[in-house]
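Source file data-v3.txt; content: compact mmCIF, C-alpha atoms.
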```txt
# COMPACT_ATOMS: atom_id res chain seq x y z
CA MET A 194 30.74 -32.66 -22.14
CA PRO A 195 30.50 -29.00 -21.19
CA ASN A 196 27.75 -27.97 -18.80
CA PRO A 197 25.06 -25.86 -20.47
CA THR A 198 24.90 -22.29 -19.29
CA PHE A 199 21.60 -20.74 -18.42
CA PRO A 200 20.90 -17.03 -18.27
CA GLN A 201 20.71 -15.77 -14.72
CA PRO A 202 17.35 -14.23 -13.72
CA LYS A 203 17.43 -10.48 -13.52
CA PRO A 204 17.13 -9.06 -10.00
CA PRO A 205 13.84 -7.29 -9.33
CA ALA A 206 13.80 -3.61 -10.16
CA PRO A 207 14.30 -1.38 -7.11
CA ILE A 208 11.28 0.32 -5.58
CA ARG A 209 11.40 3.95 -6.70
CA VAL A 210 10.55 6.29 -3.82
CA LEU A 211 9.77 10.01 -3.80
CA LEU A 212 10.24 11.58 -0.36
CA VAL A 213 8.19 14.70 0.45
CA GLU A 214 9.46 15.86 3.86
CA ASP A 215 10.18 19.39 5.04
CA HIS A 216 12.31 18.48 8.07
CA LYS A 217 15.82 18.57 6.63
CA MET A 218 17.38 16.30 9.27
CA VAL A 219 14.67 13.67 8.81
CA ALA A 220 14.99 13.81 5.02
CA GLU A 221 18.78 13.52 5.13
CA ALA A 222 18.64 10.63 7.59
CA LEU A 223 16.15 8.74 5.43
CA GLY A 224 18.11 9.45 2.27
CA ALA A 225 21.29 8.09 3.84
CA ALA A 226 19.46 5.06 5.23
CA PHE A 227 17.89 4.14 1.89
CA GLU A 228 21.36 3.93 0.36
CA GLU A 229 21.92 0.85 2.55
CA PHE A 230 18.96 -0.95 0.94
CA PRO A 231 19.66 -1.86 -2.71
CA GLY A 232 16.01 -2.72 -3.27
CA ILE A 233 14.94 0.90 -2.65
CA HIS A 234 15.94 3.83 -4.86
CA LEU A 235 15.23 7.37 -3.72
CA VAL A 236 14.45 9.21 -6.95
CA ALA A 237 13.98 12.63 -5.32
CA SER A 238 13.63 14.35 -1.96
CA VAL A 239 11.64 17.60 -1.78
CA GLU A 240 10.39 19.87 1.00
CA SER A 241 6.92 20.93 -0.18
CA LEU A 242 3.75 19.70 -1.83
CA ALA A 243 4.41 21.90 -4.85
CA GLY A 244 7.88 20.39 -5.22
CA GLY A 245 6.41 16.93 -4.69
CA ILE A 246 3.90 17.35 -7.51
CA ILE A 247 6.66 18.48 -9.90
CA ALA A 248 8.91 15.58 -8.86
CA ALA A 249 6.04 13.08 -9.19
CA GLU A 250 5.36 14.27 -12.75
CA GLU A 251 9.04 13.90 -13.61
CA HIS A 252 9.81 10.55 -11.95
CA LEU A 253 6.43 8.72 -11.72
CA PRO A 254 7.57 6.96 -8.51
CA ASP A 255 6.31 3.63 -7.22
CA ILE A 256 5.92 5.06 -3.71
CA VAL A 257 5.34 8.61 -2.51
CA LEU A 258 6.54 8.87 1.09
CA LEU A 259 4.54 11.90 2.17
CA ASP A 260 4.78 14.01 5.31
CA ARG A 261 1.34 14.83 6.67
CA ARG A 262 2.09 18.45 7.58
CA LEU A 263 3.99 20.51 5.02
CA PRO A 264 4.61 24.26 4.69
CA ASP A 265 2.22 24.63 1.77
CA GLY A 266 -0.59 22.32 2.86
CA ASP A 267 -1.96 19.11 4.29
CA GLY A 268 -0.31 16.04 2.79
CA ILE A 269 -3.48 13.96 3.04
CA GLU A 270 -5.42 16.46 0.95
CA ALA A 271 -2.77 16.11 -1.77
CA ILE A 272 -2.94 12.30 -2.04
CA ALA A 273 -5.53 12.43 -4.83
CA ARG A 274 -3.28 14.80 -6.81
CA PHE A 275 -0.35 12.39 -6.61
CA ARG A 276 -2.62 9.51 -7.61
CA ALA A 277 -3.95 11.50 -10.56
CA ILE A 278 -0.41 12.04 -11.87
CA SER A 279 0.36 8.32 -11.71
CA PRO A 280 -2.45 5.94 -10.71
CA SER A 281 0.12 3.19 -10.12
CA SER A 282 1.92 5.28 -7.48
CA ARG A 283 1.11 4.34 -3.88
CA VAL A 284 1.12 7.03 -1.19
CA LEU A 285 2.42 6.24 2.30
CA VAL A 286 1.87 9.00 4.87
CA LEU A 287 4.39 9.87 7.58
CA THR A 288 3.04 11.62 10.66
CA GLY A 289 3.96 12.45 14.22
CA ASP A 290 0.60 11.32 15.56
CA ALA A 291 -2.27 9.19 14.32
CA ASN A 292 -5.86 8.29 15.14
CA SER A 293 -8.73 6.53 13.39
CA ALA A 294 -10.06 9.77 11.92
CA ILE A 295 -6.73 10.44 10.19
CA VAL A 296 -6.61 6.86 8.90
CA ALA A 297 -10.17 7.18 7.58
CA ARG A 298 -9.17 10.33 5.65
CA ILE A 299 -6.17 8.55 4.13
CA LEU A 300 -8.22 5.53 3.05
CA GLU A 301 -11.03 7.68 1.70
CA VAL A 302 -8.73 9.46 -0.77
CA GLY A 303 -6.83 6.36 -1.86
CA GLY A 304 -3.78 6.40 0.43
CA ALA A 305 -1.90 3.16 0.99
CA GLY A 306 -1.02 3.52 4.64
CA LEU A 307 0.31 5.50 7.55
CA LEU A 308 3.45 5.27 9.66
CA LEU A 309 4.55 7.17 12.73
CA LYS A 310 7.80 9.09 12.42
CA SER A 311 8.83 7.64 15.76
CA GLY A 312 8.94 4.14 14.22
CA LEU A 313 12.10 2.22 13.42
CA LEU A 314 13.78 2.39 10.03
CA ASP A 315 13.31 -1.35 9.52
CA GLU A 316 9.56 -0.84 9.96
CA LEU A 317 9.57 1.89 7.31
CA VAL A 318 11.51 -0.26 4.83
CA THR A 319 9.14 -3.18 5.46
CA ALA A 320 6.16 -0.85 4.98
CA ILE A 321 7.54 0.47 1.68
CA ARG A 322 7.98 -3.08 0.39
CA THR A 323 4.52 -4.10 1.62
CA VAL A 324 2.82 -1.11 0.01
CA ALA A 325 4.76 -1.62 -3.23
CA ALA A 326 3.41 -5.19 -3.30
CA GLY A 327 -0.16 -3.85 -3.25
CA ASP A 328 -1.07 -4.02 0.43
CA VAL A 329 -2.07 -1.34 2.93
CA VAL A 330 0.04 -0.61 6.02
CA ILE A 331 -2.06 0.58 8.95
CA ASP A 332 -2.14 -0.38 12.62
CA SER A 333 -4.97 -2.89 13.11
CA GLU A 334 -6.65 -0.96 15.94
CA LEU A 335 -6.64 2.29 13.97
CA LEU A 336 -7.91 0.42 10.90
CA SER A 337 -10.89 -1.00 12.80
CA GLY A 338 -11.89 2.47 13.99
CA ALA A 339 -11.42 3.95 10.53
CA LEU A 340 -13.57 1.27 8.91
CA ALA A 341 -16.34 1.98 11.38
CA MET A 342 -16.22 5.65 10.39
CA LEU A 343 -16.18 4.89 6.67
CA ALA A 344 -18.94 2.30 6.69
CA ASP A 345 -22.27 3.83 5.73
CA GLY A 346 -25.73 2.33 5.85
CA SER A 347 -25.03 0.08 2.86
CA GLY A 348 -21.86 -1.30 4.41
CA ARG A 349 -20.03 -0.72 1.12
CA LEU A 350 -16.31 -0.87 1.85
CA GLY A 351 -14.96 -1.41 -1.64
CA PRO A 352 -12.52 1.52 -1.72
CA VAL A 353 -10.85 0.18 1.45
CA LEU A 354 -9.97 -3.21 -0.06
CA THR A 355 -6.55 -3.29 -1.72
CA LEU A 356 -6.14 -4.43 -5.31
CA ARG A 357 -4.61 -7.72 -4.11
CA GLU A 358 -7.50 -8.30 -1.67
CA ARG A 359 -10.02 -7.75 -4.47
CA GLN A 360 -8.11 -10.24 -6.64
CA VAL A 361 -8.22 -12.82 -3.85
CA LEU A 362 -11.89 -12.13 -3.23
CA ARG A 363 -12.79 -12.61 -6.91
CA LEU A 364 -10.96 -15.95 -6.99
CA ILE A 365 -12.77 -17.06 -3.83
CA ALA A 366 -16.05 -16.16 -5.56
CA GLU A 367 -15.00 -18.40 -8.47
CA GLY A 368 -14.59 -21.30 -6.05
CA ALA A 369 -10.81 -21.20 -5.84
CA GLY A 370 -9.11 -22.65 -2.79
CA THR A 371 -5.93 -21.49 -1.11
CA ASP A 372 -3.63 -23.51 -3.38
CA ARG A 373 -5.16 -22.22 -6.61
CA ILE A 374 -5.14 -18.60 -5.38
CA ALA A 375 -1.51 -18.94 -4.37
CA GLU A 376 -0.62 -20.37 -7.77
CA GLU A 377 -2.54 -17.84 -9.87
CA LEU A 378 -1.35 -14.80 -7.91
CA ARG A 379 2.12 -16.24 -7.27
CA LEU A 380 1.80 -15.88 -3.51
CA ALA A 381 2.79 -18.04 -0.56
CA ARG A 382 -0.10 -19.98 0.99
CA ASN A 383 0.35 -18.13 4.30
CA THR A 384 0.15 -14.81 2.44
CA VAL A 385 -3.15 -15.91 0.87
CA ARG A 386 -4.49 -16.80 4.32
CA ASN A 387 -3.47 -13.38 5.62
CA HIS A 388 -5.29 -11.68 2.73
CA VAL A 389 -8.41 -13.74 3.44
CA GLN A 390 -8.29 -12.80 7.13
CA ARG A 391 -8.04 -9.10 6.29
CA ILE A 392 -10.96 -9.42 3.85
CA LEU A 393 -13.09 -10.96 6.61
CA VAL A 394 -12.15 -8.18 9.03
CA LYS A 395 -12.80 -5.39 6.53
CA THR A 396 -16.14 -6.78 5.35
CA GLY A 397 -17.28 -7.70 8.87
CA THR A 398 -17.91 -11.32 7.88
CA HIS A 399 -16.96 -14.61 9.51
CA SER A 400 -16.40 -17.00 6.61
CA LYS A 401 -15.30 -16.95 2.98
CA LEU A 402 -18.84 -17.85 1.87
CA GLU A 403 -20.28 -14.96 3.86
CA ALA A 404 -17.59 -12.63 2.48
CA VAL A 405 -18.52 -13.57 -1.11
CA ALA A 406 -22.22 -12.98 -0.40
CA HIS A 407 -21.41 -9.61 1.14
CA ALA A 408 -19.13 -8.76 -1.80
CA ARG A 409 -21.81 -9.54 -4.40
CA LYS A 410 -24.39 -7.52 -2.53
CA ASN A 411 -22.16 -4.46 -2.17
CA GLY A 412 -20.32 -4.49 -5.51
CA LEU A 413 -16.91 -5.49 -4.17
CA LEU A 414 -16.35 -7.91 -7.06
CA GLU A 415 -16.53 -5.21 -9.70
CA ARG A 416 -13.35 -4.84 -11.72
CA PRO A 417 -11.31 -1.78 -10.73
```

Please rewrite the model in this file as C-alpha cells.
Amino acid sequence: MPNPTFPQPKPPAPIRVLLVEDHKMVAEALGAAFEEFPGIHLVASVESLAGGIIAAEEHLPDIVLLDRRLPDGDGIEAIARFRAISPSSRVLVLTGDANSAIVARILEVGGAGLLLKSGLLDELVTAIRTVAAGDVVIDSELLSGALAMLADGSGRLGPVLTLRERQVLRLIAEGAGTDRIAEELRLARNTVRNHVQRILVKTGTHSKLEAVAHARKNGLLERP
C-alpha cells in the first residue's frame, strides 16, 4: 500500500530589512553578510534619512536598521516617521556609543532597540530576529537607567512594554499559568518565563500578582 504524501510546511518568510547607513564600507559589509543568512532579506540599502523614508514607503520592511547619525539628521528623531509609514515595521538603531539617555529617547518614540556598531555580526543577526519576533533589544544596564528616566510620578511605563509582553501580562491578569500562556502564544515555556521576568523588571514589581495590580492601576492592560 503506498505511503500517503503530506504537503511539506512552507519555510517561514524571510525577515525583510531596510538598512539606512551612510558609511559605505559598513553598509557593503552588512549587505554581504546578510546574503549568508537565508532568513534575512535586505530589501534596500540607503545612505540618508530622506532615502530611507522613500525606501520604507516602497518596501514596507519588517525591520529598519537605522544609523543614529546620518548626513541629513538624527536617526532617532526619524523613528516616528518610519513607524508612521508602516506601524508594523520595527526600528533597530545602530550607534557608535550608547547611554541610558539615548536608550530613553529610542523607547520614548517607539524604537525597538539599540546595538553598538562594534558588536559582532552574530549579535546583530540575533537582534534582528529578536526584534522581528516582537521583543526589544537593549543592554539590561542601559535599560534600567532609561526606565528610571522615563518613569514619571504615576509610574506609567506602558509604552516601554513590548507587544508580546503586554500579551503575556493580559493572560496573567486572566489567571493563566505558564503552560497556558505558552500554548496560546505558541512560545516555549522558558520564553514565557523570560517575558515575565522582564515585565517584573520594567514595572518595578516582585511578583506576577503585584505586576497585575500595577498594570491595572496604570493602564498597562489596555489594548494597543

Nearby residues (only C-alpha atoms) at most 7 Å from Val284 in chain A, same-chain spacing under 5 positions excluded, as a list in words: Ile256, Val257, Leu258, Leu259, Ile272, Gly304 and Ala305 of chain A

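Counting all atoms listed in the file, range 218-225 of chain A has the following residues at most 10 Å away, ignoring those fewer than 5 positions along the same chain: Leu212, Val213, Phe230, His234, Leu235, Val236, Ala237, Ser238, Val239, Glu240, Lys310, Leu314 and Leu317 of chain A.
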
Nearby residues (all atoms listed in the file) at most 12 Å from Asn292 in chain A, same-chain spacing under 6 positions excluded, as JSON, numbers by chain: {"A": [298, 299, 307, 308, 309, 331, 332, 333, 334, 335, 336, 337, 338, 339, 342]}

Best match for closeness to Asp315 in chain A among A:Val385, A:Ala226, A:Ile269, A:Val296, counting all atoms listed in the file: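 Smallest distance to Asp315 in chain A is found for A:Ala226.
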
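Counting only C-alpha atoms and comparing A:Gly306, A:Val210, A:Arg322, A:Arg283, the residue that lies closest to Ala248 in chain A is A:Val210.
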
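Taking CA of Leu413 in chain A as the reference point, CA of Thr398 in chain A is found at 13.4 Å.
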
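Separating CA of Gly289 in chain A from CA of Leu356 in chain A is a distance of 27.7 Å.
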
Selection near range 373-379 of chain A, 8 Å with all atoms listed in the file, sequence-local residues under 4 positions removed, as a ChimeraX atom specification: /A:361,364-365,369,385

Atomic separation - CA of Leu393 in chain A relative to CA of Asp372 in chain A, Å: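 A separation of 18.6 Å between them.
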
Minimum-distance residue to Thr323 in chain A, chosen among A:Leu362, A:Leu285, A:Leu300, A:Ile246 (using all atoms listed in the file):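 Distance minimum relative to Thr323 in chain A lands on A:Leu285.
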
Neighbour list for Pro264 in chain A as a VMD selection string, cut-off 12 Å, only C-alpha atoms, skip fewer than 4 positions in-chain: chain A and resid 213 to 216 239 to 244 260 268

Top pick for closest residue to Arg276 in chain A, considering A:Leu253, A:Thr288, A:Ile295, A:Gly232 and counting all atoms listed in the file: A:Leu253

Nearest-residue call for Ala206 in chain A, choices A:Ala325, A:Val286, A:Ile392, A:Ile247, using all atoms listed in the file: A:Ala325
